[in-house]
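K.L.:
Pasting in a structure now, in structure tokens, and then I'll have a few things to ask.
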Amino acid sequence: MKKFLNRPEDFVDEMLEGIYRAHPQVTKTADDLRCYVTAHPRPGKVGIVTGGGSGHLPLFLGYVGENMLDGAAVGGVFQSPSSDQILEVTKYVEQGAGVLYIYGNYTGDIMNFDMAGELAEMEDIAVRTVIGNDDVASSIVGEEHKRRGVAGIFFLYKAAGAAAAQMMPLDEVARIAEKARANTRTMGVALSPCIVPEVGKPGFEIGADEMEIGMGIHGEPGISRSKLAPADAVVDQMLDRIFAEESFGAGDAVAVLVNGLGATPLEELYILFRRVSQRFEEAGAAVRNVWLGEFATSMEMAGASISVLRLDAELEPLIAASADTPFFKHVAR
Amino acid sequence: MKKFLNRPEDFVDEMLEGIYRAHPQVTKTADDLRCYVTAHPRPGKVGIVTGGGSGHLPLFLGYVGENMLDGAAVGGVFQSPSSDQILEVTKYVEQGAGVLYIYGNYTGDIMNFDMAGELAEMEDIAVRTVIGNDDVASSIVGEEHKRRGVAGIFFLYKAAGAAAAQMMPLDEVARIAEKARANTRTMGVALSPCIVPEVGKPGFEIGADEMEIGMGIHGEPGISRSKLAPADAVVDQMLDRIFAEESFGAGDAVAVLVNGLGATPLEELYILFRRVSQRFEEAGAAVRNVWLGEFATSMEMAGASISVLRLDAELEPLIAASADTPFFKHVAR
Amino acid sequence: MSLHDLRPLFERLARAFEEKRDELIALDGKVGDSDLGITMAKGFAAARDAVSALGAASPAAQAKHAGAAIAKAAPSTMGTLMGTGFLRGSKAIETAESVGTAELAAFFAAFRDGIAQRGRAKLGDKTVLDVLDPIAAALEAEAARGTAPEPALAHAVEAARDGLEKTRDLVAQHGKAAAFQEKSRGLPDAGGTAALILAEAFHAAFAEAG
Amino acid sequence: MSLHDLRPLFERLARAFEEKRDELIALDGKVGDSDLGITMAKGFAAARDAVSALGAASPAAQAKHAGAAIAKAAPSTMGTLMGTGFLRGSKAIETAESVGTAELAAFFAAFRDGIAQRGRAKLGDKTVLDVLDPIAAALEAEAARGTAPEPALAHAVEAARDGLEKTRDLVAQHGKAAAFQEKSRGLPDAGGTAALILAEAFHAAFAEAG
Ligand SMILES: Nc1ncnc2c1ncn2[C@@H]1O[C@H](COP(=O)(O)OP(=O)(O)O)[C@@H](O)[C@H]1O
Ligand SMILES: Nc1ncnc2c1ncn2[C@@H]1O[C@H](COP(=O)(O)OP(=O)(O)O)[C@@H](O)[C@H]1O
Ligand SMILES: [Mg+2]
Ligand SMILES: [Mg+2]
Ligand SMILES: [Mg+2]
Ligand SMILES: [Mg+2]
């Protein structure tokens, strides 16, 4: 295991210490490093809370900041945070307008967020929940509720964050997040595994010339394992799957996120995007917003994912709004 | 070789195509994909041009944008751009105030930038040059002019870019870049090699439990190869080397860049920064600006570098100014 | 013989899980991470303290504070599930002045349903549900029959013991034990064992109350 | 017999490098990337076209346009170095009305120095410098002696041939050949061969001019 770390069991907390030292815009609450919140909560604004396992930076805490989220409960590597930690974050970000939970579709997270929501309601905090489930590889059409949440959750954060910053009420912010959720689809491809620090070795293997289309960000099995194909063919395989569920044509507009899983160089993401752009061009649809880089990783896993959000007149300005967090900045133009 | 690409010989141009498709703020000049310039040159402003080999994204072209650079000549993977390409970029960004070249200390780059500068002067474009040489591992004190330019060039871009945006004249912008250069020091550590696409296999090896302190971003030999140490000890080895040349104490202020070489997860960079922050805290010096992430990579090489810039009253506001490029955004606070 | 003040119940629960601490650690250790004894002891100690700090209050309020305290003190799977159980059970008896057999039946039905919803496990998945379900069913039947709380709970304990015994034949589908697959066969489920301890403590508390 | 119009010289250079194209390709191919013949032919064809498009102009202006054209058309190491040579040489004869032996000496001294500065190679590093230096030295000596251009250049060509022959014993320290180390020993340097062709073309142009 080639990692920069001290004791594996301190991986998450030392990472958090580094983050707090680097970024005074964020702070901890409840005297718990893992209860990560904005240092500048805005009175009267709907608070948005996320959370989940560590090992996915900038997910999840990276999106806490201006025009996006207000807090994140941080779990161990690939582990859910506790309901208690989620509750503490909830209480901190509650500014009189209620709290929206946005997180990924994983059992441990659901259990703990539900629990925290129940406890928060008992303290008279209104809570709504929207669960990201954008990974089309993880279940067939008709079983979308079983799909995993992966990088596409970024669009939910972006849209809901901008809505909350416009001081929309809780139900509206939740409606926006839900709309972004329903219109986001992601396909991923993995080229190599990653190593959980406390485990010390890869949890699975991918052959030297193989790729796995649809593999989950914790190494959950995908839909096909085959010889690594040329970049254009890989993109085509991924987009064909998305286009089979959602067709895009003239007059349609989308936002696209090409996400690196960790070790894949930015150069390659642009080679992938080149083909993505060609495909939408061929379809006659407009790519209005593009983000490329690492938005949801699995530490040193090599691979990438492509997320597509169908835009409408309501979502488009929210997606395009400025945002400023320690890990993600966007300047509206 | 596990890379997302089509034909290895198209790696650079397809990457560039992807970039132009993604980011309308930038464009090419001279009908050459590799002559990369801002789409919005500012009349009367000193133009800043950089360039160098590909494979280091976001270096070099990633810093072309508002408040930073105006153009970049793009070479093949780890190869210099041609003097002709540099000249074309120079002519495009010349807006009546002259042009500053900022690039790294590599023979091929020097030869071609010098040549381009000579040709530009013949076309009555005033040209100044500042060559980044921040890598303290690559030569001893007294031989600083032989040092390689690595991630610390970011500080030169940032300071000079902000100075140019304030419409300072060419000699002033060059003076600022030179001051940033003289005050920037970097140490790197590599954990694994990278693969040039057209070569198809690693150019060197690093043992399964080894690290190489001081290795260059093209795999140039470093100053020590040893067993991978705990993160804190790695940072101490790197900073001790920097502190031996530049001492920092009470009243001193610095900007710090913790840069991932490619495959190293962001989590680990924060673990490294935690120790960096502790060290400056112990020394009594203030860390005023912090950037963490991938700023100068070697594709999928695992490893990191730490750059330190000593700030003064002139550099500090320039370093802290807002900037907005497709690859780097900073919002002043 | 219905109970109004649940403090003696929570005293007894805390004591019971403290006594069974090492037994649960050993059991969870065989196909899990050995934390169950620790988290249950911590969680129910916290519940006792929360309920005692609350002073006089309705049974529902007492159960609610207990549930929140368990979830907070024991952020493990079973801690979260037990916390959920008490919170949901509390809602089911919200207006009750005291707890008799009907209230016990309503409480455990909501307890079981809450855990089923939260954990998304099915009967037969070798979880705490496979013990909670017989408890709830037994109490429902006794309530329909008009049995008094003490004998009703005695039957519930029997049903729990039975249910737990049957988990030996099952293969774990959830949590850390799921990774052990066939190795989990033959062993009683650790969470189910905690549910049996829960039922026994309820029975003892109502027996003591007379 | 000094020259005012350098167009015949550039005609001849273009022709010479076109003729030696395959020879240079083969030579660079042994310890390099085989591009030298292509880039030199391209570069000097571009120089000829640039100078002819320029029309009547001073020798310095002609050399300057030639240098810029080579650098642009041939962005390889030797293209950049040759371009540099002509640009620097042009500066050294900036005010000259025509080119005699004194101007040739000044031109080639600046040519050599410019390439030395740009490429940072030292004498003995097995580069074009090891041929340019004897050329410049010979011309300097002849200029001091007052020799006419044609015989002066004839001596320079001899010196170049000598210098090139000596590069066989050297091991390449720069560029792609450096990677081949000992394998480069025994072969004449490819860039040096191009310098010899350059000197020969100069000599032929001045011989033709009479
Ligand atoms: N999804 C689930 N639904 C219901 N019960 C579950 C579920 N997952 C695990 N359990 C129960 O939890 C018990 C283990 O509890 P605990 O040790 O707290 O888990 P962990 O250590 O994994 O957090 C199991 O024996 C099983 O009874
Ligand atoms: N740093 C240098 N300084 C001077 N001459 C050099 C230098 N590096 C290479 N050369 C010359 O360039 C020749 C090779 O030229 P060329 O084929 O254009 O190189 P490349 O193909 O590497 O760009 C060598 O034979 C040598 O004479
Ligand atoms: Mg990475
Ligand atoms: Mg990377
Ligand atoms: Mg356990
Ligand atoms: Mg060559």
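Chain lettering (A, B, ...) mirrors the order of the structure tokens, residue numbering begins at 1 for each chain separately, and ligand numbering begins at 1 in order of display.
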Show me which residues sit within 9 Å of ligand 1 when counting only C-alpha atoms and all ligand atoms, and put them as an NGL selection string.

P.N.:
(:A and (107-108 or 111)) or (:C and (24-25 or 27-29 or 31-37 or 39-40 or 74-81 or 115-122 or 125-131 or 172-178 or 188-195))

K.L.:
Any chance you could list, as a PyMOL selection string, the residues in range 11-190 of chain C that come up helix (DSSP H, G or I) when DSSP is run on the backbone?

P.N.:
chain C and resi 11-19+21-31+36-54+59-73+77-92+101-119+129-145+149-167+176-184+190

K.L.:
Per residue of chain B within 9 Å of ligand 4, record the nearest atom pair and its distance in Å to one decimal, counting only C-alpha atoms and all ligand atoms, with rows in chain order and ascending residue number, as a Markdown table.

P.N.:
| residue | atom | partner | partner_atom_place_in_ligand_line | distance |
| --- | --- | --- | --- | --- |
| B:Leu57 | CA | ligand 4 | 1 (Mg) | 8.9 |
| B:Gly260 | CA | ligand 4 | 1 (Mg) | 7.2 |
| B:Leu261 | CA | ligand 4 | 1 (Mg) | 7.0 |
| B:Gly262 | CA | ligand 4 | 1 (Mg) | 3.6 |
| B:Ala263 | CA | ligand 4 | 1 (Mg) | 4.7 |
| B:Thr264 | CA | ligand 4 | 1 (Mg) | 6.9 |
| B:Pro265 | CA | ligand 4 | 1 (Mg) | 7.7 |
| B:Gly293 | CA | ligand 4 | 1 (Mg) | 8.9 |
| B:Glu294 | CA | ligand 4 | 1 (Mg) | 6.7 |
| B:Thr297 | CA | ligand 4 | 1 (Mg) | 7.3 |
| B:Ser298 | CA | ligand 4 | 1 (Mg) | 8.6 |
| B:Met299 | CA | ligand 4 | 1 (Mg) | 6.7 |
| B:Glu300 | CA | ligand 4 | 1 (Mg) | 6.2 |
| B:Met301 | CA | ligand 4 | 1 (Mg) | 8.2 |
| B:Ala302 | CA | ligand 4 | 1 (Mg) | 8.5 |

K.L.:
DSSP says strand (DSSP E) for which residues of range 33-87 of chain A? Put them as a PDB file with N, CA, C and O atoms, in the first residue's frame?

P.N.:
ATOM      1  N   LEU A  33     -14.626  16.371  14.983  1.00  0.00           N
ATOM      2  CA  LEU A  33     -14.000  16.621  13.680  1.00  0.00           C
ATOM      3  C   LEU A  33     -14.894  16.199  12.524  1.00  0.00           C
ATOM      4  O   LEU A  33     -14.845  16.774  11.441  1.00  0.00           O
ATOM      5  N   ARG A  34     -15.696  15.181  12.752  1.00  0.00           N
ATOM      6  CA  ARG A  34     -16.482  14.607  11.655  1.00  0.00           C
ATOM      7  C   ARG A  34     -17.827  15.307  11.444  1.00  0.00           C
ATOM      8  O   ARG A  34     -18.603  14.904  10.591  1.00  0.00           O
ATOM      9  N   CYS A  35     -18.087  16.315  12.274  1.00  0.00           N
ATOM     10  CA  CYS A  35     -19.300  17.122  12.079  1.00  0.00           C
ATOM     11  C   CYS A  35     -18.858  18.425  11.425  1.00  0.00           C
ATOM     12  O   CYS A  35     -18.502  19.399  12.093  1.00  0.00           O
ATOM     13  N   TYR A  36     -18.864  18.425  10.102  1.00  0.00           N
ATOM     14  CA  TYR A  36     -18.211  19.434   9.264  1.00  0.00           C
ATOM     15  C   TYR A  36     -19.261  20.423   8.770  1.00  0.00           C
ATOM     16  O   TYR A  36     -20.234  20.026   8.114  1.00  0.00           O
ATOM     17  N   VAL A  37     -19.079  21.697   9.080  1.00  0.00           N
ATOM     18  CA  VAL A  37     -20.097  22.697   8.713  1.00  0.00           C
ATOM     19  C   VAL A  37     -19.448  23.987   8.211  1.00  0.00           C
ATOM     20  O   VAL A  37     -18.269  24.251   8.448  1.00  0.00           O
ATOM     21  N   THR A  38     -20.239  24.767   7.505  1.00  0.00           N
ATOM     22  CA  THR A  38     -19.776  26.081   7.088  1.00  0.00           C
ATOM     23  C   THR A  38     -19.544  26.956   8.319  1.00  0.00           C
ATOM     24  O   THR A  38     -20.274  26.860   9.293  1.00  0.00           O
ATOM     25  N   GLY A  47     -31.105  24.969   5.322  1.00  0.00           N
ATOM     26  CA  GLY A  47     -29.798  24.323   5.454  1.00  0.00           C
ATOM     27  C   GLY A  47     -29.771  23.050   4.626  1.00  0.00           C
ATOM     28  O   GLY A  47     -30.755  22.315   4.574  1.00  0.00           O
ATOM     29  N   ILE A  48     -28.668  22.811   3.944  1.00  0.00           N
ATOM     30  CA  ILE A  48     -28.552  21.549   3.195  1.00  0.00           C
ATOM     31  C   ILE A  48     -27.415  20.732   3.787  1.00  0.00           C
ATOM     32  O   ILE A  48     -26.300  21.231   3.962  1.00  0.00           O
ATOM     33  N   VAL A  49     -27.736  19.493   4.125  1.00  0.00           N
ATOM     34  CA  VAL A  49     -26.762  18.607   4.768  1.00  0.00           C
ATOM     35  C   VAL A  49     -26.535  17.376   3.890  1.00  0.00           C
ATOM     36  O   VAL A  49     -27.482  16.827   3.344  1.00  0.00           O
ATOM     37  N   THR A  50     -25.289  17.003   3.780  1.00  0.00           N
ATOM     38  CA  THR A  50     -24.981  15.754   3.110  1.00  0.00           C
ATOM     39  C   THR A  50     -24.097  14.915   4.028  1.00  0.00           C
ATOM     40  O   THR A  50     -23.827  15.307   5.169  1.00  0.00           O
ATOM     41  N   GLY A  51     -23.616  13.814   3.534  1.00  0.00           N
ATOM     42  CA  GLY A  51     -22.739  12.980   4.336  1.00  0.00           C
ATOM     43  C   GLY A  51     -22.559  11.643   3.676  1.00  0.00           C
ATOM     44  O   GLY A  51     -23.239  11.310   2.706  1.00  0.00           O
ATOM     45  N   GLY A  52     -21.621  10.897   4.204  1.00  0.00           N
ATOM     46  CA  GLY A  52     -21.336   9.579   3.652  1.00  0.00           C
ATOM     47  C   GLY A  52     -19.931   9.178   4.043  1.00  0.00           C
ATOM     48  O   GLY A  52     -19.271   9.861   4.832  1.00  0.00           O
ATOM     49  N   GLY A  53     -19.479   8.098   3.456  1.00  0.00           N
ATOM     50  CA  GLY A  53     -18.159   7.586   3.791  1.00  0.00           C
ATOM     51  C   GLY A  53     -17.048   8.479   3.293  1.00  0.00           C
ATOM     52  O   GLY A  53     -17.220   9.268   2.356  1.00  0.00           O
ATOM     53  N   SER A  54     -15.864   8.371   3.903  1.00  0.00           N
ATOM     54  CA  SER A  54     -14.675   9.081   3.428  1.00  0.00           C
ATOM     55  C   SER A  54     -14.030   8.283   2.288  1.00  0.00           C
ATOM     56  O   SER A  54     -14.392   7.147   2.017  1.00  0.00           O
ATOM     57  N   GLY A  71     -23.510  21.707   5.494  1.00  0.00           N
ATOM     58  CA  GLY A  71     -22.836  20.800   6.415  1.00  0.00           C
ATOM     59  C   GLY A  71     -22.729  19.404   5.846  1.00  0.00           C
ATOM     60  O   GLY A  71     -23.461  19.029   4.924  1.00  0.00           O
ATOM     61  N   ALA A  72     -21.786  18.638   6.394  1.00  0.00           N
ATOM     62  CA  ALA A  72     -21.596  17.255   5.968  1.00  0.00           C
ATOM     63  C   ALA A  72     -21.178  16.437   7.180  1.00  0.00           C
ATOM     64  O   ALA A  72     -20.312  16.851   7.943  1.00  0.00           O
ATOM     65  N   ALA A  73     -21.812  15.288   7.343  1.00  0.00           N
ATOM     66  CA  ALA A  73     -21.380  14.351   8.378  1.00  0.00           C
ATOM     67  C   ALA A  73     -20.434  13.359   7.713  1.00  0.00           C
ATOM     68  O   ALA A  73     -20.736  12.800   6.664  1.00  0.00           O
ATOM     69  N   VAL A  74     -19.265  13.197   8.326  1.00  0.00           N
ATOM     70  CA  VAL A  74     -18.172  12.475   7.682  1.00  0.00           C
ATOM     71  C   VAL A  74     -18.009  11.091   8.304  1.00  0.00           C
ATOM     72  O   VAL A  74     -17.759  10.969   9.508  1.00  0.00           O
ATOM     73  N   GLY A  75     -18.140  10.051   7.512  1.00  0.00           N
ATOM     74  CA  GLY A  75     -17.957   8.698   8.018  1.00  0.00           C
ATOM     75  C   GLY A  75     -16.527   8.225   7.849  1.00  0.00           C
ATOM     76  O   GLY A  75     -15.685   8.917   7.268  1.00  0.00           O
ATOM     77  N   GLY A  76     -16.245   7.037   8.361  1.00  0.00           N
ATOM     78  CA  GLY A  76     -14.952   6.402   8.095  1.00  0.00           C
ATOM     79  C   GLY A  76     -14.856   6.092   6.608  1.00  0.00           C
ATOM     80  O   GLY A  76     -15.794   6.339   5.851  1.00  0.00           O
ATOM     81  N   VAL A  77     -13.715   5.533   6.179  1.00  0.00           N
ATOM     82  CA  VAL A  77     -13.564   5.224   4.757  1.00  0.00           C
ATOM     83  C   VAL A  77     -14.644   4.228   4.329  1.00  0.00           C
ATOM     84  O   VAL A  77     -14.759   3.143   4.899  1.00  0.00           O
TER      85      VAL A  77
END

K.L.:
Just want the 12 Å neighbourhood of Leu100 in chain B, counted on only C-alpha atoms, with same-chain residues fewer than 2 positions away dropped. Output as JSON, numbers by chain.

P.N.:
{"B": [45, 46, 47, 48, 49, 50, 51, 68, 69, 70, 71, 72, 86, 89, 90, 91, 93, 94, 95, 97, 98, 102, 103, 113, 114, 116, 117, 120, 125, 126, 127, 128, 129, 130, 131, 156, 157, 160, 161, 163, 164, 168, 169, 170, 171, 172, 173, 174, 175, 176, 177, 178]}

K.L.:
Between A:Ile140, A:Leu5, A:Val258, A:Leu266, which has the minimum distance to ligand 3 (counting only C-alpha atoms and all ligand atoms)?

P.N.:
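Closest to ligand 3, using only C-alpha atoms and all ligand atoms: A:Leu266.
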
K.L.:
Tell me which protein, DNA and RNA residues are within 10 Å of Arg279 in chain B, counting only C-alpha atoms, leaving out same-chain ones fewer than 3 positions away, and put them as a PyMOL selection string.

P.N.:
chain B and resi 232+235-236+239-240+273-276+282-285
